[in-house]
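Asks: Could you have a look at this structure, given as structure tokens, before my questions?
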Amino acid sequence: MNSESIIKGTNYRFTVLTERLIRLEYSDNGQFEDRTTQVVQNRDFKKPEFQVFKNRKNHQIEIITKFIHLYYDGGKFTPGTLYIDAAYNYGTYMSRWYFGEKIKKNLKGTARTLDKADGEIPLEDGLMVKDGFSYLNDSKSFILSEDKFQVRQNSELDYYYFAYGHDFEGTLKDYYQLTGFTPLIPRYALGNWWSRYWPYTQDEYKALFERFNKEEIPISVAVMDMDWHLVHDVPARFGSGWTGYTWNKKLFPDHKKLIQWLHDQGKHVTINDHPAAGVRAFEDAYPKVAKRLGLNADEEEPALFDFQNPLYRKAYFEDVHRPLEKDGIDFWWIDWQQGQNRSDTQVDPLWLLNHYVYQDNANQHAGNGLTLSRYGGPGSHRYPLGFSGDTVASWKSLQFQPYFTSTASNIGYTWWSHDIGGHMNGAYDSELTLRWMQFGVFSPINRLHSSENPFMGKEPWNYDENARQVMTQFLRLRSSLVPYLDTANDLTHQNGVPLVEPVYYKHPDDKEAYTVPNQYYFGSELMVAAITEPSDEVTAEAQVKVWLPKGDWYDFFTGVKYVGGTFINASRSENGYPVFVKAGGIVPLNENYMENIEQLPEKLTVRVYPGKANQYTLVEHQNGAVAKTTFEFDGVSTVKVQTNDPEAIIPTQRQIVFVPSGNVVNNDENQVQVNASKADITVSLKFEVDSQLVLNLIYAKLQHAKISFDLKKAIWNNLRKDSSLTQKVSYLNTLKQPRVAEMLLELVGAL
């Protein structure tokens, strides 16, 4: 903490961290906290420019920066003694915050869990506010110093005031500077996950993954829920089998062999841990745990869960977890459901678990740590990934999740993993599962999941043939997107830019950006509008309202070009999804979707979209090394490629196939393939407009619409005539089928 940035009195202390971020402290005994807390990890910022005035105009202290004017009149911080004006005009009357006042127009943050949620739930406040200022209350958080949680010795008011206006990305970056940046997550976590609460036998589990391979459905993470351990055979005197650490030999007679087979297939393995009941005498690990903790083993004295006790943590990791990790477990799904801290002297057990389990895994895997656990509050982003809980399988749940996911970035929590498809309840609905799976592909983590009901499995072959084929295609697409996703992963870690951002992050002064809660940026090149409602019976397509910002946009799946600065009603059949690429967009893909995604691909497909100059840097990681390939596109035809691979991790025979994309003729003749072994390459691309693309799509949509053949013919003849856009729109507006008209209006505007 820079001492030159501190303004201090007997009971107060202000620290100007940046021109837009200030720490506010008040202590009755004059003792202030300089150690790091569970939320705040760094207060060393570059010294900002500011002025201090004392005893001026009846104010004891005034602090002025370019963006903040603080007024303090002495005494304990209250709305009457401390207030701050932000240098913005977003408020109705003024941009003033009185200390302790709840800030209105908060754009919200996230929540601890979606357990049992059937749709929308209340969210905690985030840091992004329409009025341009917010605060973080760190007064109650525990000290986290030298890897130890401690109770604060001195009670004080400890707030951080943010005044970043509508610079939401700037807010988030400095929040990360204050609280710690999100770690880089392992590349394998970016593929598809298989998770199910089901008592598989060892043979069934192997057969399932053999079926995935046969169907060419790429899975990178195998999640074993509850029944890997003893559940029903636990003697009654020990209570519930919810917590367990001993392999169920009836189901898994040789679990080491199975895990090794999964590893040989390129999968990583995690198992569920409900730790609340501690370690009991029936567990294989109990004798070592009892000896370490000095328990009476003859009396079967249990090792009660106590993560604040360093000796218990040592037993938990060394005697319980480590043997299982030696069997091949790569990371842990920590399933804590028992509530928060019980008193002011007890740390929330979820916080303790998230911190120590993540740190232990990172130490075991050379900094490539991972855990799956619930959100514990601000600062939890340092322990990815987030498990959002057991949701109800319903359209209402799906309707809430895209908003929930993007809004979590407002408190820096960017790596949510949902139960894709829903965990429980619900009824058979192939369209709901398909749309949820499509959202999963375009969400941070795509973990398919369901309960132990025999009819709820998310295997694509459980659904009707059309849904099955589309599910398979999208799961393959997720694997293909890994180069793009891992680049976004690096941007989150290094620059504090989330993979999933609310639209208003990049368009904060456009009121339209706040009206599309289920629309979001997905990395630097793509924008997604999630489908969360079923298809219309007449058009056989689902529809979602999309706001396209100014500029040209291209449909990722069809190539249709849209002119932005407007709303469209995007209609999509089951094999489509509203994903848009910005003009100039560059999207790297690995078309070999069954390849082990930890291996850097020998062949890359790079889609390039015309219309605007752009630079995109592909970032690849392997064993701690980093390679960067920068693509610089002039927006017209020329792409320059520069490779920086100091540790030679890129395959020596890598080929890059450049695919001119968008509303263009897409054939092999227009694609350009180059050997990427050279450090500098220049490629010339040809973007030949496909004049029939939109008409062909209109024909296809009419073909599947449930209207009379005569009406289809009349519509088709009218739309393909050489008439003006105004005439075509006027004609469609006369139709007595409004959803059909809306479906076609989307494309007519692109003719």
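A note on labels: chains of the structure tokens are A, B, ... as shown, every chain counts residues from 1, and ligands are counted from 1 in their shown order.
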Mind listing the strand (DSSP E or B) residues of segment 429-550 of chain A, per DSSP on the backbone, as a PyMOL selection string?
Replies: chain A and resi 445-448+500-502+519-522+526-529+542-548
Asks: The selected residues should be written to file as a PDB file, in the first residue's frame (atoms: N, CA and C atoms).
Replies:
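Contents of the output file again_37.pdb:
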```pdb
ATOM      1  N   ILE A 445     -18.667 -23.222 -19.140  1.00  0.00           N
ATOM      2  CA  ILE A 445     -18.370 -24.649 -18.991  1.00  0.00           C
ATOM      3  C   ILE A 445     -19.595 -25.438 -19.430  1.00  0.00           C
ATOM      4  N   ASN A 446     -19.392 -26.438 -20.272  1.00  0.00           N
ATOM      5  CA  ASN A 446     -20.520 -27.225 -20.787  1.00  0.00           C
ATOM      6  C   ASN A 446     -20.543 -28.591 -20.101  1.00  0.00           C
ATOM      7  N   ARG A 447     -21.224 -28.651 -18.956  1.00  0.00           N
ATOM      8  CA  ARG A 447     -21.285 -29.880 -18.156  1.00  0.00           C
ATOM      9  C   ARG A 447     -22.714 -30.442 -18.206  1.00  0.00           C
ATOM     10  N   LEU A 448     -22.899 -31.470 -19.025  1.00  0.00           N
ATOM     11  CA  LEU A 448     -24.204 -32.114 -19.096  1.00  0.00           C
ATOM     12  C   LEU A 448     -24.455 -32.844 -17.778  1.00  0.00           C
ATOM     13  N   VAL A 500     -17.690 -14.403 -21.011  1.00  0.00           N
ATOM     14  CA  VAL A 500     -19.092 -13.995 -21.181  1.00  0.00           C
ATOM     15  C   VAL A 500     -19.283 -12.618 -20.562  1.00  0.00           C
ATOM     16  N   GLU A 501     -19.642 -11.638 -21.384  1.00  0.00           N
ATOM     17  CA  GLU A 501     -19.865 -10.269 -20.923  1.00  0.00           C
ATOM     18  C   GLU A 501     -21.278  -9.818 -21.272  1.00  0.00           C
ATOM     19  N   PRO A 502     -21.962  -9.124 -20.358  1.00  0.00           N
ATOM     20  CA  PRO A 502     -23.215  -8.479 -20.755  1.00  0.00           C
ATOM     21  C   PRO A 502     -22.964  -7.524 -21.922  1.00  0.00           C
ATOM     22  N   GLN A 519     -28.719 -11.858 -23.875  1.00  0.00           N
ATOM     23  CA  GLN A 519     -27.773 -11.684 -24.979  1.00  0.00           C
ATOM     24  C   GLN A 519     -26.434 -11.273 -24.382  1.00  0.00           C
ATOM     25  N   TYR A 520     -25.338 -11.772 -24.953  1.00  0.00           N
ATOM     26  CA  TYR A 520     -24.037 -11.510 -24.342  1.00  0.00           C
ATOM     27  C   TYR A 520     -22.923 -11.693 -25.365  1.00  0.00           C
ATOM     28  N   TYR A 521     -21.800 -11.042 -25.082  1.00  0.00           N
ATOM     29  CA  TYR A 521     -20.594 -11.291 -25.862  1.00  0.00           C
ATOM     30  C   TYR A 521     -19.968 -12.591 -25.377  1.00  0.00           C
ATOM     31  N   PHE A 522     -19.459 -13.366 -26.331  1.00  0.00           N
ATOM     32  CA  PHE A 522     -18.824 -14.641 -26.029  1.00  0.00           C
ATOM     33  C   PHE A 522     -17.420 -14.597 -26.629  1.00  0.00           C
ATOM     34  N   LEU A 526     -17.506 -12.976 -30.936  1.00  0.00           N
ATOM     35  CA  LEU A 526     -18.861 -13.508 -31.075  1.00  0.00           C
ATOM     36  C   LEU A 526     -19.834 -12.844 -30.111  1.00  0.00           C
ATOM     37  N   MET A 527     -21.093 -12.786 -30.542  1.00  0.00           N
ATOM     38  CA  MET A 527     -22.184 -12.352 -29.682  1.00  0.00           C
ATOM     39  C   MET A 527     -23.309 -13.374 -29.794  1.00  0.00           C
ATOM     40  N   VAL A 528     -23.886 -13.735 -28.636  1.00  0.00           N
ATOM     41  CA  VAL A 528     -24.879 -14.811 -28.577  1.00  0.00           C
ATOM     42  C   VAL A 528     -26.179 -14.274 -28.005  1.00  0.00           C
ATOM     43  N   ALA A 529     -27.290 -14.696 -28.585  1.00  0.00           N
ATOM     44  CA  ALA A 529     -28.614 -14.402 -28.036  1.00  0.00           C
ATOM     45  C   ALA A 529     -29.272 -15.743 -27.754  1.00  0.00           C
ATOM     46  N   ALA A 542     -37.921 -21.317 -33.186  1.00  0.00           N
ATOM     47  CA  ALA A 542     -37.956 -20.494 -31.980  1.00  0.00           C
ATOM     48  C   ALA A 542     -37.492 -19.094 -32.330  1.00  0.00           C
ATOM     49  N   GLN A 543     -37.931 -18.138 -31.551  1.00  0.00           N
ATOM     50  CA  GLN A 543     -37.622 -16.749 -31.867  1.00  0.00           C
ATOM     51  C   GLN A 543     -37.076 -16.034 -30.642  1.00  0.00           C
ATOM     52  N   VAL A 544     -36.114 -15.156 -30.866  1.00  0.00           N
ATOM     53  CA  VAL A 544     -35.559 -14.348 -29.788  1.00  0.00           C
ATOM     54  C   VAL A 544     -35.283 -12.950 -30.319  1.00  0.00           C
ATOM     55  N   LYS A 545     -35.570 -11.959 -29.500  1.00  0.00           N
ATOM     56  CA  LYS A 545     -35.317 -10.565 -29.867  1.00  0.00           C
ATOM     57  C   LYS A 545     -33.837 -10.268 -29.679  1.00  0.00           C
ATOM     58  N   VAL A 546     -33.200  -9.764 -30.725  1.00  0.00           N
ATOM     59  CA  VAL A 546     -31.757  -9.513 -30.710  1.00  0.00           C
ATOM     60  C   VAL A 546     -31.501  -8.050 -31.029  1.00  0.00           C
ATOM     61  N   TRP A 547     -30.626  -7.440 -30.235  1.00  0.00           N
ATOM     62  CA  TRP A 547     -30.149  -6.102 -30.573  1.00  0.00           C
ATOM     63  C   TRP A 547     -28.759  -6.223 -31.173  1.00  0.00           C
ATOM     64  N   LEU A 548     -28.627  -5.776 -32.408  1.00  0.00           N
ATOM     65  CA  LEU A 548     -27.334  -5.778 -33.073  1.00  0.00           C
ATOM     66  C   LEU A 548     -26.750  -4.364 -33.008  1.00  0.00           C
TER      67      LEU A 548
END
```
Asks: Give me, as a list in words, all polymer residues having an atom no more than 6 Å from segment 657-672 of chain A, counting only C-alpha atoms and skipping those fewer than 3 positions away in the same chain.
Replies: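 Returned residues: Tyr554, Gly559, Val560, Lys561, Thr605, Val606, Arg607, Val608, Tyr609, Phe687, Glu688, Val689 and Asp690 of chain A.
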Asks: Could the residues of segment 120-215 of chain A that have an atom at most 10 Å from segment 88-95 of chain A be listed as JSON lines, each with its closest atom pair and the distance in Å to one decimal, counting only C-alpha atoms and ordered by chain and ascending residue number?
Replies:
```
{"residue": "A:Val129", "atom": "CA", "partner": "A:Tyr90", "partner_atom": "CA", "distance": 9.8}
{"residue": "A:Lys130", "atom": "CA", "partner": "A:Tyr90", "partner_atom": "CA", "distance": 7.0}
{"residue": "A:Asp131", "atom": "CA", "partner": "A:Tyr90", "partner_atom": "CA", "distance": 4.9}
{"residue": "A:Gly132", "atom": "CA", "partner": "A:Tyr90", "partner_atom": "CA", "distance": 6.7}
{"residue": "A:Phe133", "atom": "CA", "partner": "A:Ser95", "partner_atom": "CA", "distance": 7.8}
{"residue": "A:Ala163", "atom": "CA", "partner": "A:Tyr88", "partner_atom": "CA", "distance": 8.7}
{"residue": "A:Tyr164", "atom": "CA", "partner": "A:Tyr88", "partner_atom": "CA", "distance": 9.0}
{"residue": "A:Gly165", "atom": "CA", "partner": "A:Tyr88", "partner_atom": "CA", "distance": 6.4}
{"residue": "A:His166", "atom": "CA", "partner": "A:Tyr90", "partner_atom": "CA", "distance": 9.0}
```
Asks: Segment 301-529 of chain A: which residues are alpha helix (DSSP H) by DSSP, as a count of residues only?
Replies: 81
Asks: I'd like the neighbourhood of Trp436 of chain A as a PDB file with C-alpha atoms, in the first residue's frame, where a residue qualifies if any of its atoms comes within 12 Å (using only C-alpha atoms), though same-chain residues fewer than 4 positions away should be ignored.
Replies:
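Writing the result to selection-v8.pdb gives the following:
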```pdb
ATOM      1  CA  ALA A 393     -35.395 -29.020 -15.686  1.00  0.00           C
ATOM      2  CA  SER A 394     -37.797 -26.393 -17.037  1.00  0.00           C
ATOM      3  CA  TRP A 395     -37.998 -23.611 -19.573  1.00  0.00           C
ATOM      4  CA  LYS A 396     -38.138 -21.125 -16.679  1.00  0.00           C
ATOM      5  CA  SER A 397     -34.760 -22.335 -15.436  1.00  0.00           C
ATOM      6  CA  LEU A 398     -33.246 -22.079 -18.906  1.00  0.00           C
ATOM      7  CA  GLN A 399     -34.711 -18.591 -19.345  1.00  0.00           C
ATOM      8  CA  PHE A 400     -32.809 -17.387 -16.270  1.00  0.00           C
ATOM      9  CA  GLN A 401     -29.411 -18.985 -16.826  1.00  0.00           C
ATOM     10  CA  PRO A 402     -27.950 -16.841 -19.665  1.00  0.00           C
ATOM     11  CA  HIS A 418     -24.384 -25.235 -14.772  1.00  0.00           C
ATOM     12  CA  ASP A 419     -26.308 -28.489 -14.727  1.00  0.00           C
ATOM     13  CA  ILE A 420     -26.883 -28.304 -18.466  1.00  0.00           C
ATOM     14  CA  GLY A 421     -30.304 -29.734 -19.213  1.00  0.00           C
ATOM     15  CA  GLY A 422     -31.449 -29.406 -15.610  1.00  0.00           C
ATOM     16  CA  HIS A 423     -30.857 -31.696 -12.645  1.00  0.00           C
ATOM     17  CA  ASP A 429     -38.802 -32.342 -23.818  1.00  0.00           C
ATOM     18  CA  SER A 430     -36.190 -32.858 -26.502  1.00  0.00           C
ATOM     19  CA  GLU A 431     -36.374 -29.241 -27.628  1.00  0.00           C
ATOM     20  CA  LEU A 432     -35.762 -27.915 -24.107  1.00  0.00           C
ATOM     21  CA  GLY A 440     -24.064 -24.866 -22.783  1.00  0.00           C
ATOM     22  CA  VAL A 441     -21.851 -24.878 -25.861  1.00  0.00           C
ATOM     23  CA  PHE A 442     -21.852 -21.074 -25.749  1.00  0.00           C
ATOM     24  CA  SER A 443     -21.378 -20.783 -21.982  1.00  0.00           C
ATOM     25  CA  ASN A 446     -20.520 -27.225 -20.787  1.00  0.00           C
ATOM     26  CA  ARG A 447     -21.285 -29.880 -18.156  1.00  0.00           C
ATOM     27  CA  LEU A 448     -24.204 -32.114 -19.096  1.00  0.00           C
ATOM     28  CA  HIS A 449     -25.931 -33.351 -15.953  1.00  0.00           C
ATOM     29  CA  LYS A 458     -28.611 -36.340 -21.354  1.00  0.00           C
ATOM     30  CA  ALA A 467     -32.593 -33.467 -31.771  1.00  0.00           C
ATOM     31  CA  MET A 471     -27.024 -32.231 -30.114  1.00  0.00           C
ATOM     32  CA  PHE A 474     -23.153 -28.875 -31.204  1.00  0.00           C
ATOM     33  CA  LEU A 475     -21.112 -31.028 -28.827  1.00  0.00           C
ATOM     34  CA  ALA A 530     -29.794 -17.462 -26.131  1.00  0.00           C
ATOM     35  CA  ILE A 531     -32.994 -19.209 -27.171  1.00  0.00           C
ATOM     36  CA  THR A 532     -35.021 -19.810 -24.030  1.00  0.00           C
ATOM     37  CA  GLU A 533     -38.541 -20.398 -25.342  1.00  0.00           C
ATOM     38  CA  PRO A 534     -40.016 -23.274 -27.369  1.00  0.00           C
ATOM     39  CA  GLU A 574     -33.475 -26.599 -34.015  1.00  0.00           C
ATOM     40  CA  TYR A 577     -28.713 -20.753 -32.934  1.00  0.00           C
TER      41      TYR A 577
END
```
Asks: Excluding Asp284 of chain A and residues on its chain fewer than 3 positions from it, collect all residues at most 9 Å away from it, counting only C-alpha atoms, and give them as a list in words.
Replies: Tyr245, Thr246, Trp247, Ala281, Pro287, Lys288 and Val320 of chain A
Asks: Can you measure atom CA of Pro186 of chain A to atom CA of Ala222 of chain A for me? One decimal in Å is fine.
Replies: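 Atom CA of Pro186 of chain A sits 14.6 Å away from atom CA of Ala222 of chain A.
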Asks: Could you list, as a ChimeraX atom specification, every residue within 9 Å of Asn590 of chain A, counting only C-alpha atoms and ignoring same-chain residues fewer than 6 positions away?
Replies: /A:477,479-483,601-606
Asks: Restricting it to N, CA and C atoms, dump the selection as a PDB file, in the first residue's frame.
Replies:
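Below you can see result-v6.pdb, which holds the result:
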```
ATOM      1  N   LEU A 477     -19.027 -29.094 -32.011  1.00  0.00           N
ATOM      2  CA  LEU A 477     -18.648 -27.691 -32.175  1.00  0.00           C
ATOM      3  C   LEU A 477     -17.949 -27.175 -30.924  1.00  0.00           C
ATOM      4  N   SER A 479     -16.060 -28.730 -28.858  1.00  0.00           N
ATOM      5  CA  SER A 479     -14.678 -29.202 -28.897  1.00  0.00           C
ATOM      6  C   SER A 479     -13.866 -28.434 -29.934  1.00  0.00           C
ATOM      7  N   SER A 480     -14.485 -28.132 -31.066  1.00  0.00           N
ATOM      8  CA  SER A 480     -13.789 -27.372 -32.109  1.00  0.00           C
ATOM      9  C   SER A 480     -13.455 -25.952 -31.659  1.00  0.00           C
ATOM     10  N   LEU A 481     -14.256 -25.402 -30.765  1.00  0.00           N
ATOM     11  CA  LEU A 481     -14.078 -24.023 -30.313  1.00  0.00           C
ATOM     12  C   LEU A 481     -12.961 -23.857 -29.286  1.00  0.00           C
ATOM     13  N   VAL A 482     -12.348 -24.939 -28.839  1.00  0.00           N
ATOM     14  CA  VAL A 482     -11.374 -24.848 -27.750  1.00  0.00           C
ATOM     15  C   VAL A 482     -10.246 -23.856 -28.028  1.00  0.00           C
ATOM     16  N   PRO A 483      -9.669 -23.768 -29.233  1.00  0.00           N
ATOM     17  CA  PRO A 483      -8.636 -22.733 -29.452  1.00  0.00           C
ATOM     18  C   PRO A 483      -9.145 -21.317 -29.171  1.00  0.00           C
ATOM     19  N   PRO A 601      -3.597 -28.478 -31.804  1.00  0.00           N
ATOM     20  CA  PRO A 601      -3.958 -29.090 -33.086  1.00  0.00           C
ATOM     21  C   PRO A 601      -2.903 -28.878 -34.168  1.00  0.00           C
ATOM     22  N   GLU A 602      -2.716 -29.924 -34.975  1.00  0.00           N
ATOM     23  CA  GLU A 602      -1.806 -29.808 -36.121  1.00  0.00           C
ATOM     24  C   GLU A 602      -2.440 -29.029 -37.261  1.00  0.00           C
ATOM     25  N   LYS A 603      -3.780 -29.012 -37.281  1.00  0.00           N
ATOM     26  CA  LYS A 603      -4.473 -28.283 -38.340  1.00  0.00           C
ATOM     27  C   LYS A 603      -5.491 -27.348 -37.719  1.00  0.00           C
ATOM     28  N   LEU A 604      -5.392 -26.087 -38.052  1.00  0.00           N
ATOM     29  CA  LEU A 604      -6.326 -25.076 -37.571  1.00  0.00           C
ATOM     30  C   LEU A 604      -7.142 -24.537 -38.734  1.00  0.00           C
ATOM     31  N   THR A 605      -8.435 -24.393 -38.512  1.00  0.00           N
ATOM     32  CA  THR A 605      -9.288 -23.678 -39.453  1.00  0.00           C
ATOM     33  C   THR A 605      -9.544 -22.296 -38.885  1.00  0.00           C
ATOM     34  N   VAL A 606      -9.292 -21.273 -39.669  1.00  0.00           N
ATOM     35  CA  VAL A 606      -9.491 -19.900 -39.208  1.00  0.00           C
ATOM     36  C   VAL A 606     -10.527 -19.238 -40.105  1.00  0.00           C
TER      37      VAL A 606
END
```
Asks: At a cut-off of 9 Å, using only C-alpha atoms, what residues contact segment 738-747 of chain A? Leave out same-chain residues fewer than 6 positions from it and give the result as a list in words.
Replies: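 After dropping sequence-adjacent residues, the list is Asp536, Val538, Thr539, Glu541, Gln543, Val560, Tyr562, Ile568, Asn569, Ala570, Ser571, Arg572, Val694, Leu695, Leu697, Ile698, Lys701, Leu702, Ala705, Ile707, Lys728, Val729 and Leu732 of chain A.
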Asks: Would you output that residue set with N, CA, C and O atoms, as a PDB file, in the first residue's frame?
Replies:
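The result, stored in selection-v6.pdb:
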```
ATOM      1  N   ASP A 536     -42.346 -21.998 -32.254  1.00  0.00           N
ATOM      2  CA  ASP A 536     -43.710 -21.692 -32.660  1.00  0.00           C
ATOM      3  C   ASP A 536     -44.267 -22.873 -33.455  1.00  0.00           C
ATOM      4  O   ASP A 536     -43.561 -23.489 -34.263  1.00  0.00           O
ATOM      5  N   VAL A 538     -46.404 -22.955 -35.875  1.00  0.00           N
ATOM      6  CA  VAL A 538     -46.608 -22.703 -37.298  1.00  0.00           C
ATOM      7  C   VAL A 538     -45.275 -22.665 -38.047  1.00  0.00           C
ATOM      8  O   VAL A 538     -45.110 -23.310 -39.084  1.00  0.00           O
ATOM      9  N   THR A 539     -44.309 -21.924 -37.529  1.00  0.00           N
ATOM     10  CA  THR A 539     -43.031 -21.789 -38.233  1.00  0.00           C
ATOM     11  C   THR A 539     -42.073 -22.930 -37.937  1.00  0.00           C
ATOM     12  O   THR A 539     -41.097 -23.131 -38.664  1.00  0.00           O
ATOM     13  N   GLU A 541     -40.013 -22.850 -35.668  1.00  0.00           N
ATOM     14  CA  GLU A 541     -38.778 -22.201 -35.262  1.00  0.00           C
ATOM     15  C   GLU A 541     -38.996 -21.420 -33.970  1.00  0.00           C
ATOM     16  O   GLU A 541     -40.102 -20.941 -33.699  1.00  0.00           O
ATOM     17  N   GLN A 543     -37.931 -18.138 -31.551  1.00  0.00           N
ATOM     18  CA  GLN A 543     -37.622 -16.749 -31.867  1.00  0.00           C
ATOM     19  C   GLN A 543     -37.076 -16.034 -30.642  1.00  0.00           C
ATOM     20  O   GLN A 543     -37.503 -16.291 -29.509  1.00  0.00           O
ATOM     21  N   VAL A 560     -25.322 -15.259 -43.102  1.00  0.00           N
ATOM     22  CA  VAL A 560     -26.134 -14.095 -43.473  1.00  0.00           C
ATOM     23  C   VAL A 560     -25.558 -12.832 -42.836  1.00  0.00           C
ATOM     24  O   VAL A 560     -25.194 -12.817 -41.656  1.00  0.00           O
ATOM     25  N   TYR A 562     -25.965  -8.993 -41.517  1.00  0.00           N
ATOM     26  CA  TYR A 562     -26.955  -8.073 -40.967  1.00  0.00           C
ATOM     27  C   TYR A 562     -26.297  -6.706 -40.756  1.00  0.00           C
ATOM     28  O   TYR A 562     -25.136  -6.628 -40.345  1.00  0.00           O
ATOM     29  N   ILE A 568     -33.597  -7.168 -34.303  1.00  0.00           N
ATOM     30  CA  ILE A 568     -34.194  -8.142 -35.212  1.00  0.00           C
ATOM     31  C   ILE A 568     -34.868  -9.220 -34.381  1.00  0.00           C
ATOM     32  O   ILE A 568     -34.491  -9.463 -33.227  1.00  0.00           O
ATOM     33  N   ASN A 569     -35.864  -9.850 -34.944  1.00  0.00           N
ATOM     34  CA  ASN A 569     -36.454 -11.043 -34.349  1.00  0.00           C
ATOM     35  C   ASN A 569     -35.794 -12.250 -35.012  1.00  0.00           C
ATOM     36  O   ASN A 569     -36.125 -12.593 -36.147  1.00  0.00           O
ATOM     37  N   ALA A 570     -34.836 -12.844 -34.316  1.00  0.00           N
ATOM     38  CA  ALA A 570     -34.078 -13.957 -34.884  1.00  0.00           C
ATOM     39  C   ALA A 570     -34.872 -15.249 -34.722  1.00  0.00           C
ATOM     40  O   ALA A 570     -35.141 -15.686 -33.605  1.00  0.00           O
ATOM     41  N   SER A 571     -35.257 -15.848 -35.843  1.00  0.00           N
ATOM     42  CA  SER A 571     -35.978 -17.125 -35.839  1.00  0.00           C
ATOM     43  C   SER A 571     -35.010 -18.228 -36.224  1.00  0.00           C
ATOM     44  O   SER A 571     -34.295 -18.110 -37.225  1.00  0.00           O
ATOM     45  N   ARG A 572     -34.996 -19.303 -35.433  1.00  0.00           N
ATOM     46  CA  ARG A 572     -34.055 -20.378 -35.698  1.00  0.00           C
ATOM     47  C   ARG A 572     -34.724 -21.739 -35.534  1.00  0.00           C
ATOM     48  O   ARG A 572     -35.427 -21.983 -34.545  1.00  0.00           O
ATOM     49  N   VAL A 694     -29.413 -15.861 -49.156  1.00  0.00           N
ATOM     50  CA  VAL A 694     -30.593 -15.464 -48.392  1.00  0.00           C
ATOM     51  C   VAL A 694     -31.858 -16.060 -48.995  1.00  0.00           C
ATOM     52  O   VAL A 694     -32.740 -16.562 -48.269  1.00  0.00           O
ATOM     53  N   LEU A 695     -31.972 -16.034 -50.330  1.00  0.00           N
ATOM     54  CA  LEU A 695     -33.149 -16.627 -50.965  1.00  0.00           C
ATOM     55  C   LEU A 695     -33.247 -18.119 -50.662  1.00  0.00           C
ATOM     56  O   LEU A 695     -34.339 -18.647 -50.419  1.00  0.00           O
ATOM     57  N   LEU A 697     -32.232 -19.611 -47.999  1.00  0.00           N
ATOM     58  CA  LEU A 697     -32.672 -19.758 -46.609  1.00  0.00           C
ATOM     59  C   LEU A 697     -34.162 -19.452 -46.475  1.00  0.00           C
ATOM     60  O   LEU A 697     -34.874 -20.115 -45.704  1.00  0.00           O
ATOM     61  N   ILE A 698     -34.641 -18.448 -47.212  1.00  0.00           N
ATOM     62  CA  ILE A 698     -36.079 -18.145 -47.194  1.00  0.00           C
ATOM     63  C   ILE A 698     -36.873 -19.353 -47.693  1.00  0.00           C
ATOM     64  O   ILE A 698     -37.893 -19.744 -47.101  1.00  0.00           O
ATOM     65  N   LYS A 701     -36.982 -22.061 -45.009  1.00  0.00           N
ATOM     66  CA  LYS A 701     -37.896 -21.738 -43.907  1.00  0.00           C
ATOM     67  C   LYS A 701     -39.354 -21.932 -44.340  1.00  0.00           C
ATOM     68  O   LYS A 701     -40.180 -22.458 -43.567  1.00  0.00           O
ATOM     69  N   LEU A 702     -39.672 -21.509 -45.549  1.00  0.00           N
ATOM     70  CA  LEU A 702     -41.034 -21.715 -46.045  1.00  0.00           C
ATOM     71  C   LEU A 702     -41.351 -23.204 -46.174  1.00  0.00           C
ATOM     72  O   LEU A 702     -42.476 -23.643 -45.899  1.00  0.00           O
ATOM     73  N   ALA A 705     -42.516 -24.455 -42.822  1.00  0.00           N
ATOM     74  CA  ALA A 705     -43.613 -23.762 -42.141  1.00  0.00           C
ATOM     75  C   ALA A 705     -44.926 -24.511 -42.350  1.00  0.00           C
ATOM     76  O   ALA A 705     -45.191 -25.055 -43.426  1.00  0.00           O
ATOM     77  N   ILE A 707     -48.017 -23.915 -43.063  1.00  0.00           N
ATOM     78  CA  ILE A 707     -49.056 -23.119 -43.702  1.00  0.00           C
ATOM     79  C   ILE A 707     -49.374 -23.787 -45.037  1.00  0.00           C
ATOM     80  O   ILE A 707     -48.676 -24.697 -45.478  1.00  0.00           O
ATOM     81  N   LYS A 728     -41.504  -5.425 -50.302  1.00  0.00           N
ATOM     82  CA  LYS A 728     -41.471  -6.769 -49.698  1.00  0.00           C
ATOM     83  C   LYS A 728     -41.952  -6.730 -48.248  1.00  0.00           C
ATOM     84  O   LYS A 728     -42.738  -7.574 -47.804  1.00  0.00           O
ATOM     85  N   VAL A 729     -41.491  -5.723 -47.513  1.00  0.00           N
ATOM     86  CA  VAL A 729     -41.891  -5.589 -46.109  1.00  0.00           C
ATOM     87  C   VAL A 729     -43.389  -5.323 -46.013  1.00  0.00           C
ATOM     88  O   VAL A 729     -44.096  -5.912 -45.178  1.00  0.00           O
ATOM     89  N   LEU A 732     -45.289  -8.574 -46.558  1.00  0.00           N
ATOM     90  CA  LEU A 732     -45.233  -9.494 -45.417  1.00  0.00           C
ATOM     91  C   LEU A 732     -46.120  -9.013 -44.272  1.00  0.00           C
ATOM     92  O   LEU A 732     -46.705  -9.820 -43.541  1.00  0.00           O
TER      93      LEU A 732
END
```
Asks: Show me, as a ChimeraX atom specification, the residues that have an atom within 10 Å of Gln337 of chain A when counting only C-alpha atoms, minus same-chain residues fewer than 3 positions from it.
Replies: /A:113,115,274-276,334,340,349-350,374,389
